[in-house]
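*Asks:* Got coords18.csv for you, CSV, C-alpha atoms:
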chain,number,residue,atom,x,y,z
A,1,MET,CA,63.8,75.4,56.7
A,2,SER,CA,63.1,72.0,55.2
A,3,GLY,CA,65.2,70.7,52.3
A,4,GLN,CA,64.1,69.2,49.1
A,5,ALA,CA,61.0,67.0,49.5
A,6,PHE,CA,61.2,63.2,49.9
A,7,ARG,CA,60.0,61.5,46.8
A,8,GLN,CA,61.0,57.9,47.6
A,9,PHE,CA,59.4,56.3,50.6
A,10,ILE,CA,60.9,53.0,51.6
A,11,VAL,CA,58.6,51.1,54.0
A,12,LYS,CA,59.8,48.1,55.9
A,13,MET,CA,56.8,45.7,55.7
A,14,HIS,CA,58.7,43.0,57.4
A,15,GLY,CA,61.9,43.2,59.4
A,16,ARG,CA,63.2,39.7,59.0
A,17,CYS,CA,64.4,37.7,56.0
A,18,ASN,CA,63.8,34.0,55.0
A,19,LEU,CA,67.4,34.0,53.7
A,20,ALA,CA,70.7,34.3,55.6
A,21,CYS,CA,73.1,35.6,52.9
A,22,THR,CA,76.6,35.4,54.4
A,23,TYR,CA,77.5,38.9,53.2
A,24,CYS,CA,74.4,40.8,54.1
A,25,TYR,CA,75.4,44.2,55.5
A,26,LEU,CA,71.9,44.7,57.1
A,27,TYR,CA,71.8,41.5,59.3
A,28,GLU,CA,75.5,40.6,59.3
A,29,GLY,CA,77.0,44.1,59.4
A,30,PRO,CA,77.8,46.5,62.3
A,31,ASP,CA,74.2,47.8,62.8
A,32,ARG,CA,72.1,45.8,65.3
A,33,THR,CA,69.0,48.0,65.6
A,34,TRP,CA,66.9,45.5,63.7
A,35,ARG,CA,67.1,43.0,66.6
A,36,THR,CA,64.9,45.2,68.9
A,37,ARG,CA,62.2,46.0,66.3
A,38,PRO,CA,59.0,44.0,65.6
A,39,ALA,CA,59.2,41.5,62.8
A,40,THR,CA,56.1,42.9,61.1
A,41,ALA,CA,54.8,46.4,60.6
A,42,ALA,CA,51.6,46.6,62.6
A,43,PRO,CA,48.4,48.0,61.1
A,44,ASP,CA,48.6,51.3,63.1
A,45,VAL,CA,52.2,51.8,61.8
A,46,LEU,CA,51.1,51.3,58.2
A,47,ASP,CA,48.0,53.5,58.7
A,48,ARG,CA,50.1,56.4,60.2
A,49,THR,CA,52.8,56.0,57.5
A,50,ALA,CA,50.2,56.3,54.7
A,51,ALA,CA,48.8,59.5,56.4
A,52,ARG,CA,52.3,60.9,56.7
A,53,ILE,CA,53.2,60.2,53.1
A,54,ALA,CA,49.9,61.9,52.0
A,55,GLU,CA,50.7,64.8,54.3
A,56,HIS,CA,54.1,65.2,52.7
A,57,ALA,CA,52.8,64.9,49.2
A,58,ARG,CA,50.2,67.6,49.9
A,59,ALA,CA,52.6,70.0,51.6
A,60,HIS,CA,55.1,69.8,48.7
A,61,SER,CA,52.6,69.5,45.8
A,62,LEU,CA,54.1,66.2,44.7
A,63,THR,CA,52.8,65.0,41.3
A,64,ASP,CA,54.4,61.6,41.8
A,65,LEU,CA,56.3,59.5,44.4
A,66,SER,CA,57.9,56.1,44.7
A,67,LEU,CA,56.6,53.7,47.3
A,68,VAL,CA,59.1,50.9,48.0
A,69,LEU,CA,57.8,47.9,49.9
A,70,HIS,CA,60.8,46.6,51.6
A,71,GLY,CA,62.3,44.3,54.3
A,72,GLY,CA,63.9,42.0,55.2
A,73,GLU,CA,61.8,40.0,52.8
A,74,PRO,CA,58.5,42.0,52.4
A,75,LEU,CA,56.6,39.0,51.0
A,76,LEU,CA,56.7,37.5,54.5
A,77,ALA,CA,54.2,40.2,55.4
A,78,GLY,CA,51.7,38.7,52.9
A,79,VAL,CA,50.9,40.0,49.4
A,80,GLU,CA,47.4,41.0,50.6
A,81,THR,CA,48.9,43.3,53.2
A,82,LEU,CA,51.2,44.8,50.6
A,83,ALA,CA,48.3,45.5,48.3
A,84,ARG,CA,46.1,46.9,51.1
A,85,PHE,CA,48.8,49.3,52.2
A,86,THR,CA,49.5,50.4,48.6
A,87,ASP,CA,45.8,51.1,48.1
A,88,LEU,CA,45.8,53.0,51.4
A,89,VAL,CA,48.6,55.3,50.2
A,90,ARG,CA,47.0,55.8,46.8
A,91,ASP,CA,43.6,56.7,48.4
A,92,ARG,CA,45.1,59.3,50.7
A,93,VAL,CA,47.6,61.2,48.5
A,94,PRO,CA,46.2,64.3,46.8
A,95,THR,CA,44.4,64.0,43.5
A,96,GLY,CA,46.9,64.1,40.7
A,97,CYS,CA,49.7,62.5,42.7
A,98,THR,CA,50.8,59.2,41.1
A,99,VAL,CA,52.2,56.5,43.4
A,100,HIS,CA,54.7,54.2,41.7
A,101,ALA,CA,54.7,51.1,43.9
A,102,VAL,CA,57.4,48.4,43.9
A,103,VAL,CA,58.3,45.4,46.1
A,104,GLN,CA,62.0,44.6,46.5
A,105,THR,CA,62.1,40.8,46.9
A,106,ASN,CA,64.5,37.9,46.8
A,107,ALA,CA,61.9,36.2,44.6
A,108,THR,CA,62.0,32.9,46.5
A,109,LEU,CA,58.4,33.3,47.8
A,110,LEU,CA,56.9,34.3,44.5
A,111,THR,CA,54.1,32.2,43.1
A,112,ALA,CA,51.6,32.7,40.3
A,113,ARG,CA,48.9,33.7,42.8
A,114,ARG,CA,51.1,36.1,44.6
A,115,LEU,CA,52.2,37.7,41.3
A,116,ALA,CA,48.6,38.1,40.3
A,117,VAL,CA,47.8,39.9,43.6
A,118,LEU,CA,50.8,42.2,43.2
A,119,ALA,CA,50.2,43.0,39.6
A,120,GLY,CA,46.5,43.5,40.2
A,121,GLY,CA,47.4,46.0,42.9
A,122,GLY,CA,49.7,47.9,40.6
A,123,ILE,CA,52.8,46.8,42.4
A,124,ARG,CA,55.9,46.2,40.3
A,125,ILE,CA,58.4,43.4,41.3
A,126,SER,CA,62.1,44.1,41.6
A,127,VAL,CA,64.3,41.1,42.3
A,128,SER,CA,67.6,40.9,44.1
A,129,LEU,CA,70.1,38.4,42.8
A,130,ASP,CA,73.9,38.0,42.6
A,131,GLY,CA,73.8,36.6,39.1
A,132,GLY,CA,71.8,34.4,36.8
A,133,ARG,CA,73.3,31.1,37.8
A,134,ALA,CA,73.4,28.9,40.9
A,135,ALA,CA,77.2,29.4,41.3
A,136,HIS,CA,76.7,33.1,41.3
A,137,ASN,CA,74.3,32.9,44.3
A,138,ALA,CA,76.2,30.4,46.4
A,139,ARG,CA,76.3,32.8,49.4
A,140,ARG,CA,72.5,33.4,49.2
A,141,VAL,CA,71.3,30.6,51.4
A,142,ASP,CA,68.4,30.1,53.8
A,143,HIS,CA,68.7,29.8,57.6
A,144,ALA,CA,69.4,26.1,57.3
A,145,GLY,CA,72.2,26.7,54.8
A,146,ARG,CA,70.3,25.5,51.8
A,147,PRO,CA,70.7,27.2,48.4
A,148,SER,CA,68.1,29.8,47.5
A,149,TRP,CA,68.8,29.8,43.7
A,150,PRO,CA,66.2,27.2,42.6
A,151,ALA,CA,63.4,29.1,44.2
A,152,ALA,CA,64.8,32.5,43.2
A,153,ALA,CA,65.2,31.6,39.6
A,154,ARG,CA,61.7,30.1,39.5
A,155,GLY,CA,60.3,33.3,41.0
A,156,ALA,CA,62.1,35.6,38.5
A,157,LEU,CA,61.0,33.6,35.5
A,158,LEU,CA,57.5,33.4,36.8
A,159,ALA,CA,57.5,37.2,36.9
A,160,ALA,CA,58.8,37.3,33.3
A,161,GLU,CA,56.3,34.8,32.1
A,162,HIS,CA,53.1,35.6,34.0
A,163,ALA,CA,53.5,39.3,34.9
A,164,PRO,CA,55.8,40.9,32.4
A,165,ALA,CA,54.2,44.3,32.7
A,166,ALA,CA,54.9,44.2,36.5
A,167,TYR,CA,58.4,42.8,36.3
A,168,ALA,CA,60.6,45.8,37.0
A,169,GLY,CA,64.0,44.0,36.8
A,170,ILE,CA,66.9,42.8,38.8
A,171,LEU,CA,69.3,44.4,41.3
A,172,THR,CA,72.8,42.8,41.4
A,173,VAL,CA,75.7,43.6,43.6
A,174,VAL,CA,79.0,43.5,41.8
A,175,ASP,CA,81.2,40.5,42.6
A,176,ALA,CA,84.6,41.3,41.2
A,177,THR,CA,85.7,37.6,41.5
A,178,LEU,CA,83.1,36.6,38.8
A,179,ASP,CA,83.5,37.0,35.1
A,180,PRO,CA,81.7,40.3,34.3
A,181,VAL,CA,80.4,39.3,30.8
A,182,GLU,CA,79.3,35.9,31.9
A,183,THR,CA,77.4,37.4,34.9
A,184,TYR,CA,75.7,39.9,32.7
A,185,GLU,CA,74.7,37.4,30.1
A,186,SER,CA,73.4,35.0,32.7
A,187,LEU,CA,71.1,37.7,34.1
A,188,LEU,CA,69.7,38.2,30.6
A,189,ASN,CA,68.5,34.6,30.7
A,190,LEU,CA,66.0,35.7,33.4
A,191,ARG,CA,64.5,38.2,30.9
A,192,PRO,CA,64.7,41.3,33.1
A,193,PRO,CA,63.4,44.5,31.4
A,194,ALA,CA,66.1,46.4,33.4
A,195,LEU,CA,69.2,45.7,35.5
A,196,ASN,CA,71.1,47.7,38.1
A,197,PHE,CA,74.6,47.0,39.3
A,198,LEU,CA,75.4,48.1,42.8
A,199,LEU,CA,78.9,48.4,44.3
A,200,PRO,CA,79.3,46.3,47.5
A,201,HIS,CA,78.9,48.5,50.5
A,202,GLY,CA,82.2,49.4,52.2
A,203,ASN,CA,84.1,52.4,53.4
A,204,TRP,CA,87.5,53.6,54.3
A,205,SER,CA,87.4,51.9,57.8
A,206,ALA,CA,85.9,48.7,56.5
A,207,PRO,CA,87.0,48.4,52.8
A,208,PRO,CA,84.8,46.4,50.5
A,209,PRO,CA,85.9,42.9,49.4
A,210,HIS,CA,88.5,42.5,46.7
A,211,TRP,CA,89.2,46.2,46.8
A,212,ALA,CA,92.4,46.9,44.9
A,213,GLY,CA,93.4,48.3,41.5
A,214,ALA,CA,90.0,49.6,40.6
A,215,ARG,CA,88.8,46.0,40.1
A,216,HIS,CA,85.2,46.9,40.4
A,217,GLY,CA,85.6,49.7,37.9
A,218,GLU,CA,87.2,47.4,35.4
A,219,TRP,CA,84.5,44.9,36.0
A,220,LEU,CA,81.8,47.4,35.2
A,221,CYS,CA,83.7,48.7,32.1
A,222,ALA,CA,83.7,45.1,30.7
A,223,VAL,CA,79.9,44.9,31.3
A,224,PHE,CA,79.4,48.3,29.7
A,225,ASP,CA,81.3,47.3,26.6
A,226,ARG,CA,79.2,44.1,26.2
A,227,TRP,CA,76.0,46.1,26.7
A,228,TRP,CA,77.0,49.0,24.5
A,229,ASP,CA,78.3,46.8,21.6
A,230,ALA,CA,75.3,44.5,21.5
A,231,GLY,CA,73.8,46.2,18.5
A,232,ARG,CA,70.4,46.4,20.2
A,233,ARG,CA,69.2,47.2,23.7
A,234,GLU,CA,68.8,43.8,25.3
A,235,THR,CA,67.9,45.3,28.6
A,236,ARG,CA,68.2,48.7,30.3
A,237,VAL,CA,71.1,49.1,32.8
A,238,ARG,CA,70.4,51.9,35.1
A,239,LEU,CA,74.0,52.7,36.2
A,240,PHE,CA,75.1,53.0,32.6
A,241,GLU,CA,72.1,55.0,31.5
A,242,GLU,CA,72.4,57.4,34.4
A,243,CYS,CA,76.1,58.0,33.6
A,244,LEU,CA,75.3,58.6,29.9
A,245,ALA,CA,72.6,61.0,30.9
A,246,LEU,CA,74.9,63.0,33.2
A,247,LEU,CA,77.6,63.1,30.5
A,248,LEU,CA,75.0,64.6,28.2
A,249,GLY,CA,74.1,67.3,30.8
A,250,MET,CA,70.8,65.7,31.8
A,251,PRO,CA,69.7,65.3,35.5
A,252,SER,CA,70.2,62.0,37.3
A,253,ALA,CA,68.0,60.3,39.9
A,254,THR,CA,70.4,57.8,41.4
A,255,GLU,CA,72.2,57.8,44.8
A,256,SER,CA,75.4,56.5,43.2
A,257,LEU,CA,76.1,59.3,40.7
A,258,GLY,CA,75.4,63.0,40.1
A,259,LEU,CA,74.6,65.9,42.4
A,260,ALA,CA,70.9,65.7,42.7
A,261,PRO,CA,69.7,66.1,46.3
A,262,PHE,CA,69.0,62.9,48.1
A,263,ASP,CA,65.2,62.2,48.3
A,264,ALA,CA,64.6,58.9,50.0
A,265,VAL,CA,63.4,58.1,53.5
A,266,VAL,CA,62.8,54.9,55.4
A,267,VAL,CA,60.0,53.9,57.8
A,268,GLU,CA,60.9,50.9,60.0
A,269,THR,CA,58.5,48.2,61.2
A,270,ASP,CA,58.0,50.1,64.5
A,271,GLY,CA,57.3,53.4,62.7
A,272,SER,CA,60.8,54.9,63.2
A,273,ILE,CA,61.8,57.3,60.5
A,274,GLU,CA,65.4,56.6,59.4
A,275,GLN,CA,67.9,57.3,56.7
A,276,THR,CA,68.5,54.6,54.1
A,277,ASP,CA,69.8,51.2,55.1
A,278,SER,CA,73.1,51.6,53.2
A,279,LEU,CA,74.3,53.8,56.1
A,280,LYS,CA,74.0,50.8,58.4
A,281,SER,CA,77.1,49.4,56.7
A,282,ALA,CA,79.1,52.3,58.3
A,283,TYR,CA,78.4,51.8,62.0
A,284,ASP,CA,75.7,50.8,64.5
A,285,GLY,CA,72.9,53.4,64.5
A,286,ALA,CA,74.2,55.4,61.5
A,287,ALA,CA,70.7,55.6,60.0
A,288,HIS,CA,69.0,56.6,63.3
A,289,THR,CA,67.2,59.9,63.5
A,290,GLY,CA,65.1,59.6,66.7
A,291,LEU,CA,61.9,60.4,64.8
A,292,ASP,CA,58.8,58.3,64.1
A,293,VAL,CA,55.6,58.6,62.2
A,294,PHE,CA,53.4,58.9,65.3
A,295,ARG,CA,55.2,62.0,66.7
A,296,ASN,CA,56.9,63.5,63.6
A,297,THR,CA,56.3,64.6,60.0
A,298,PHE,CA,58.6,63.9,57.1
A,299,ASP,CA,59.4,67.6,57.1
A,300,ASP,CA,60.8,67.0,60.6
A,301,ALA,CA,63.1,64.4,59.0
A,302,LEU,CA,64.1,66.9,56.3
A,303,ARG,CA,65.3,69.2,59.0
A,304,HIS,CA,67.3,66.5,60.8
A,305,PRO,CA,71.0,67.6,60.7
A,306,ALA,CA,72.1,64.3,59.2
A,307,VAL,CA,69.5,64.5,56.4
A,308,ALA,CA,70.3,68.1,55.8
A,309,ALA,CA,74.0,67.3,55.5
A,310,ARG,CA,73.2,64.6,53.0
A,311,GLN,CA,71.1,67.0,50.9
A,312,ALA,CA,73.8,69.7,51.0
A,313,CYS,CA,75.3,68.4,47.7
A,314,THR,CA,78.7,70.0,47.0
A,315,ALA,CA,78.9,71.6,50.5
A,316,ALA,CA,79.0,68.0,51.9
A,317,LEU,CA,81.8,66.9,49.7
A,318,ALA,CA,85.5,66.6,50.4
A,319,PRO,CA,87.7,69.4,49.0
A,320,GLN,CA,89.3,67.1,46.5
A,321,CYS,CA,85.9,66.0,45.2
A,322,SER,CA,84.8,69.6,44.7
A,323,ALA,CA,87.9,70.3,42.6
A,324,CYS,CA,87.6,67.1,40.5
A,325,PRO,CA,86.7,67.5,36.8
A,326,LEU,CA,84.4,64.5,37.1
A,327,LEU,CA,82.3,66.1,39.9
A,328,THR,CA,79.1,66.7,38.0
A,329,VAL,CA,78.9,63.0,36.9
A,330,CYS,CA,80.4,61.3,39.9
A,331,GLY,CA,78.9,63.5,42.5
A,332,GLY,CA,81.3,62.1,45.1
A,333,GLY,CA,79.9,58.6,44.8
A,334,HIS,CA,77.5,56.8,47.2
A,335,TYR,CA,77.3,58.6,50.5
A,336,ALA,CA,77.8,55.5,52.6
A,337,HIS,CA,81.0,54.7,50.7
A,338,ARG,CA,82.6,58.0,51.9
A,339,TYR,CA,82.6,57.1,55.6
A,340,ARG,CA,85.9,57.0,57.7
A,341,ALA,CA,85.7,56.4,61.4
A,342,GLY,CA,86.6,59.6,63.3
A,343,HIS,CA,86.2,61.7,60.1
A,344,GLY,CA,82.5,61.1,59.2
A,345,PHE,CA,81.3,61.2,55.6
A,346,ARG,CA,83.2,64.2,54.2
A,347,ASN,CA,85.7,62.0,52.3
A,348,PRO,CA,86.0,60.8,48.7
A,349,SER,CA,84.3,57.5,48.0
A,350,VAL,CA,86.2,54.4,48.8
A,351,TYR,CA,85.5,53.6,45.2
A,352,CYS,CA,87.0,56.8,43.8
A,353,ALA,CA,89.4,55.1,41.5
A,354,ASP,CA,86.7,52.7,40.3
A,355,LEU,CA,84.3,55.5,39.5
A,356,GLN,CA,86.9,57.5,37.7
A,357,ARG,CA,87.8,54.4,35.6
A,358,LEU,CA,84.1,53.8,34.7
A,359,ILE,CA,83.2,57.4,34.0
A,360,ARG,CA,86.2,58.1,31.8
A,361,HIS,CA,85.6,54.8,29.9
A,362,ILE,CA,82.0,55.6,29.2
A,363,ALA,CA,82.9,59.2,28.3
A,364,ALA,CA,85.5,57.9,25.8
A,365,ARG,CA,83.0,55.5,24.2
A,366,LEU,CA,80.4,58.3,24.0
A,367,ALA,CA,82.9,60.9,22.6
A,368,ALA,CA,83.9,58.4,19.9
A,369,HIS,CA,80.5,59.0,18.3
A,370,THR,CA,81.4,62.6,17.3
A,371,PRO,CA,84.6,64.0,15.7
A,372,ASP,CA,84.3,67.1,17.9
A,373,ALA,CA,85.0,65.4,21.2
A,374,ALA,CA,88.2,63.5,22.1
A,375,PRO,CA,88.1,60.5,24.4
A,376,THR,CA,90.2,62.1,27.1
A,377,ALA,CA,89.6,63.1,30.7
A,378,THR,CA,88.7,66.6,29.6
A,379,ALA,CA,86.1,65.2,27.3
A,380,VAL,CA,83.9,64.6,30.3
A,381,ARG,CA,83.4,68.3,30.6
A,382,THR,CA,82.8,68.9,26.9
A,383,ALA,CA,80.8,65.8,26.2
A,384,PRO,CA,77.3,67.3,26.8
A,385,ALA,CA,77.8,70.1,24.3
A,386,ALA,CA,79.7,68.0,21.8
A,387,ILE,CA,77.4,65.0,21.7
A,388,ALA,CA,73.9,66.4,22.5
A,389,GLY,CA,73.1,66.7,18.8
A,390,HIS,CA,74.4,63.3,17.9
A,391,ALA,CA,73.0,60.8,20.5
A,392,ALA,CA,70.0,60.5,22.8
A,393,PRO,CA,70.4,59.1,26.2
A,394,ALA,CA,68.3,56.0,27.1
A,395,PRO,CA,65.3,56.8,29.3
A,396,HIS,CA,65.7,56.5,33.0
A,397,SER,CA,65.0,53.2,34.8
A,398,PRO,CA,61.9,52.9,36.9
A,399,PRO,CA,61.9,53.7,40.6
A,400,ALA,CA,62.1,50.0,41.2
A,401,LEU,CA,65.8,49.9,40.4
A,402,ARG,CA,66.9,52.7,42.7
A,403,GLU,CA,69.3,51.9,45.5
A,404,GLY,CA,66.8,52.2,48.2
A,405,GLY,CA,67.2,48.7,49.4
A,406,ALA,CA,69.5,45.9,50.6
A,407,PRO,CA,69.7,43.4,47.9
In structure tokens, how does this file's structure come out?
*Replies:*
Amino acid sequence: MSGQAFRQFIVKMHGRCNLACTYCYLYEGPDRTWRTRPATAAPDVLDRTAARIAEHARAHSLTDLSLVLHGGEPLLAGVETLARFTDLVRDRVPTGCTVHAVVQTNATLLTARRLAVLAGGGIRISVSLDGGRAAHNARRVDHAGRPSWPAAARGALLAAEHAPAAYAGILTVVDATLDPVETYESLLNLRPPALNFLLPHGNWSAPPPHWAGARHGEWLCAVFDRWWDAGRRETRVRLFEECLALLLGMPSATESLGLAPFDAVVVETDGSIEQTDSLKSAYDGAAHTGLDVFRNTFDDALRHPAVAARQACTAALAPQCSACPLLTVCGGGHYAHRYRAGHGFRNPSVYCADLQRLIRHIAARLAAHTPDAAPTATAVRTAPAAIAGHAAPAPHSPPALREGGAP
């Protein structure tokens, strides 16, 4: 029997990137499958992918889905190609199914004309940056070693100025060596309507950089306090809003927190159906399924053992995670961060201490808004009942800021 339907379709429009970021887990990590794939998704791959998405939407009576135009750098495929493919998907899905389209880009290739094509095609723009200053992006260079910041900043500001309704926001990977508040405030200068902070991909066999003493959790706590204490919502921060929603007993739609079944699937440039790129940070071929859009349906992918295991929620967790009082909020953390060579993914997240630090901190700040809930570890369990009548969670971030990509 198939699992929960896919609702996020990540399509690799181009398999190469115009940048050569020194830390990129996709092109510099253990996985090498990208080397044998075509640089660009051919028209027949895109045509078949659109048909498969529509087939899945019809079979599961989907009323909405997220279409993520991805890479590499998807703008290398040409904005007209992105717009035509998006139109093709929208034309083929059943009546009443809304397609939320977004392109995940490093912004260096954005121009006023390209923005106009994307916005006119109903495609939102999500930008990947390490921070809002040149020094924050020193490792984001092109293949000649030249800095990408001037072009990236220009592209992000173009989106803010010329296509604000299409500007989805910015994805940023946490760098624990940078000042957290300075990083957050620098990103505000790019006028994003939303931000999402992602933890660097790592696992027990290949720990993330600067991984000690819950430094990433402390970093995020500092940003949360700056965001929470601003007195007004300067921007939406998806990670924080999702954590607050979960503490209030509401559902979450993020891969990093909560127990909602995973609902994303990837189509590579050659039509291969794969799991998300984040798994490629674990080992070579970790995202491989052996399926493709020409021979297989997305329901076939739902039945794949690795996908089924990922959708198993609590059954896929380590025993210590299942017994943890933070379970309903943490959810075991990001799946890729649980990997340990020889033991698979049934382990706590390598960021367990960081997630505990962040969740308890946010729970304490939230509990402080009512005299009925104390800011202790046990308040995590009682927060939904105690606070539901006193505070409303911020609305969820748009699909653009999900973790479906490789910023």
*Asks:* Could you tell me which of A:Pro74, A:Gly131, A:Gly145, A:Gly122 comes closest to Val103 of chain A if we count only C-alpha atoms?
*Replies:*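 Ranked by minimum distance to Val103 of chain A, first place goes to A:Pro74.
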*Asks:* Taking all atoms listed in the file into account, name the residue in A:Ala282, A:Ala287, A:Ala245, A:Ile273 that is nearest to Thr328 of chain A.
*Replies:* A:Ala245
*Asks:* I'd like the contact shell of Arg7 of chain A - 8 Å cut-off, only C-alpha atoms, skipping same-chain residues fewer than 2 positions apart - returned as a list of chain:residue names.
*Replies:* A:Ala5, A:Phe9, A:Leu62, A:Asp64, A:Leu65, A:Ser66, A:Asp263, A:Ala264
*Asks:* So which residues touch Arg226 of chain A within 9 Å, counting all atoms listed in the file, skipping near sequence neighbours fewer than 6 positions away, as an MDAnalysis selection string?
*Replies:* chainID A and resid 181 184:185
*Asks:* Would you mind reading off the distance between atom CA of Leu76 of chain A and atom CA of Val265 of chain A, one decimal, in Å?
*Replies:* 21.7 Å
*Asks:* Record the distance separating atom CA of Leu67 of chain A and atom CA of Phe294 of chain A, expressed in Å with one decimal.
*Replies:*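 Spanning atom CA of Leu67 of chain A to atom CA of Phe294 of chain A is a straight-line distance of 19.0 Å.
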*Asks:* How many Å lie between atom CA of Phe240 of chain A and atom CA of Ile125 of chain A, rounded to one decimal?
*Replies:* 21.1 Å
*Asks:* Residues proximal to (66.5, 69.1, 48.9) were defined as those with any atom within 7 Å of that point in the file's coordinates, counting all atoms listed in the file. Which are they, as a list of chain:residue names?
*Replies:*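 Every residue inside that radius is included here: A:Gly3, A:Gln4, A:Ala5, A:Pro261, A:Phe262, A:Gln311.
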*Asks:* What would the file look like if the residues just selected were written as a PDB file, keeping the file's coordinate frame with C-alpha atoms?
*Replies:*
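For reference, selection.pdb as written:
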ATOM      1  CA  GLY A   3      65.200  70.700  52.300  1.00  0.00           C
ATOM      2  CA  GLN A   4      64.100  69.200  49.100  1.00  0.00           C
ATOM      3  CA  ALA A   5      61.000  67.000  49.500  1.00  0.00           C
ATOM      4  CA  PRO A 261      69.700  66.100  46.300  1.00  0.00           C
ATOM      5  CA  PHE A 262      69.000  62.900  48.100  1.00  0.00           C
ATOM      6  CA  GLN A 311      71.100  67.000  50.900  1.00  0.00           C
TER       7      GLN A 311
END
*Asks:* Kindly indicate which residue among A:Ala20, A:Ala309, A:Ala151, A:Leu244 lies nearest to Gln275 of chain A, using only C-alpha atoms for the distances.
*Replies:* A:Ala309
*Asks:* Leu26 of chain A: which residues within 9 Å, counting only C-alpha atoms, same-chain residues fewer than 6 positions away excluded, as a list in words?
*Replies:* Arg32, Trp34, Gly72, Asp277, Ser278, Lys280, Ser281 and Ala406 of chain A
*Asks:* Just C-alpha atoms for this one: save the residues we selected as a PDB file, in the frame of the given file.
*Replies:*
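Heads up, here's the output in out.pdb:
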ATOM      1  CA  ARG A  32      72.100  45.800  65.300  1.00  0.00           C
ATOM      2  CA  TRP A  34      66.900  45.500  63.700  1.00  0.00           C
ATOM      3  CA  GLY A  72      63.900  42.000  55.200  1.00  0.00           C
ATOM      4  CA  ASP A 277      69.800  51.200  55.100  1.00  0.00           C
ATOM      5  CA  SER A 278      73.100  51.600  53.200  1.00  0.00           C
ATOM      6  CA  LYS A 280      74.000  50.800  58.400  1.00  0.00           C
ATOM      7  CA  SER A 281      77.100  49.400  56.700  1.00  0.00           C
ATOM      8  CA  ALA A 406      69.500  45.900  50.600  1.00  0.00           C
TER       9      ALA A 406
END
*Asks:* Nearest residue to Leu317 of chain A out of A:Leu259, A:Ala59, A:Leu358, A:Ala212, using all atoms listed in the file?
*Replies:*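 For Leu317 of chain A, the nearest of the given residues is A:Leu259.
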*Asks:* Identify which of the residues A:Leu302, A:Ala260, A:Ala168, A:Ala156 lies closest to His56 of chain A, counting all atoms listed in the file when measuring atom-to-atom distances.
*Replies:*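 Once distances to His56 of chain A are computed over all atoms listed in the file, the minimum belongs to A:Leu302.
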*Asks:* Write out as a Markdown table the residues of segment 68-126 of chain A that have any atom within 12 Å of an atom of segment 135-143 of chain A, one row each with the nearest atom pair and its distance in Å to one decimal, counting all atoms listed in the file, sorted by chain and then rising number.
*Replies:*
| residue | atom | partner | partner_atom | distance |
| --- | --- | --- | --- | --- |
| A:Glu73 | CA | A:Asp142 | CA | 11.9 |
| A:Asn106 | CA | A:Arg140 | CA | 9.5 |
| A:Ala107 | CA | A:Arg140 | CA | 11.9 |
| A:Thr108 | CA | A:Asp142 | CA | 10.1 |
*Asks:* Deliver the residues from the most recent selection as a file, using C-alpha atoms, as a CSV table (one decimal), in the coordinates of the input.
*Replies:*
chain,number,residue,atom,x,y,z
A,73,GLU,CA,61.8,40.0,52.8
A,106,ASN,CA,64.5,37.9,46.8
A,107,ALA,CA,61.9,36.2,44.6
A,108,THR,CA,62.0,32.9,46.5
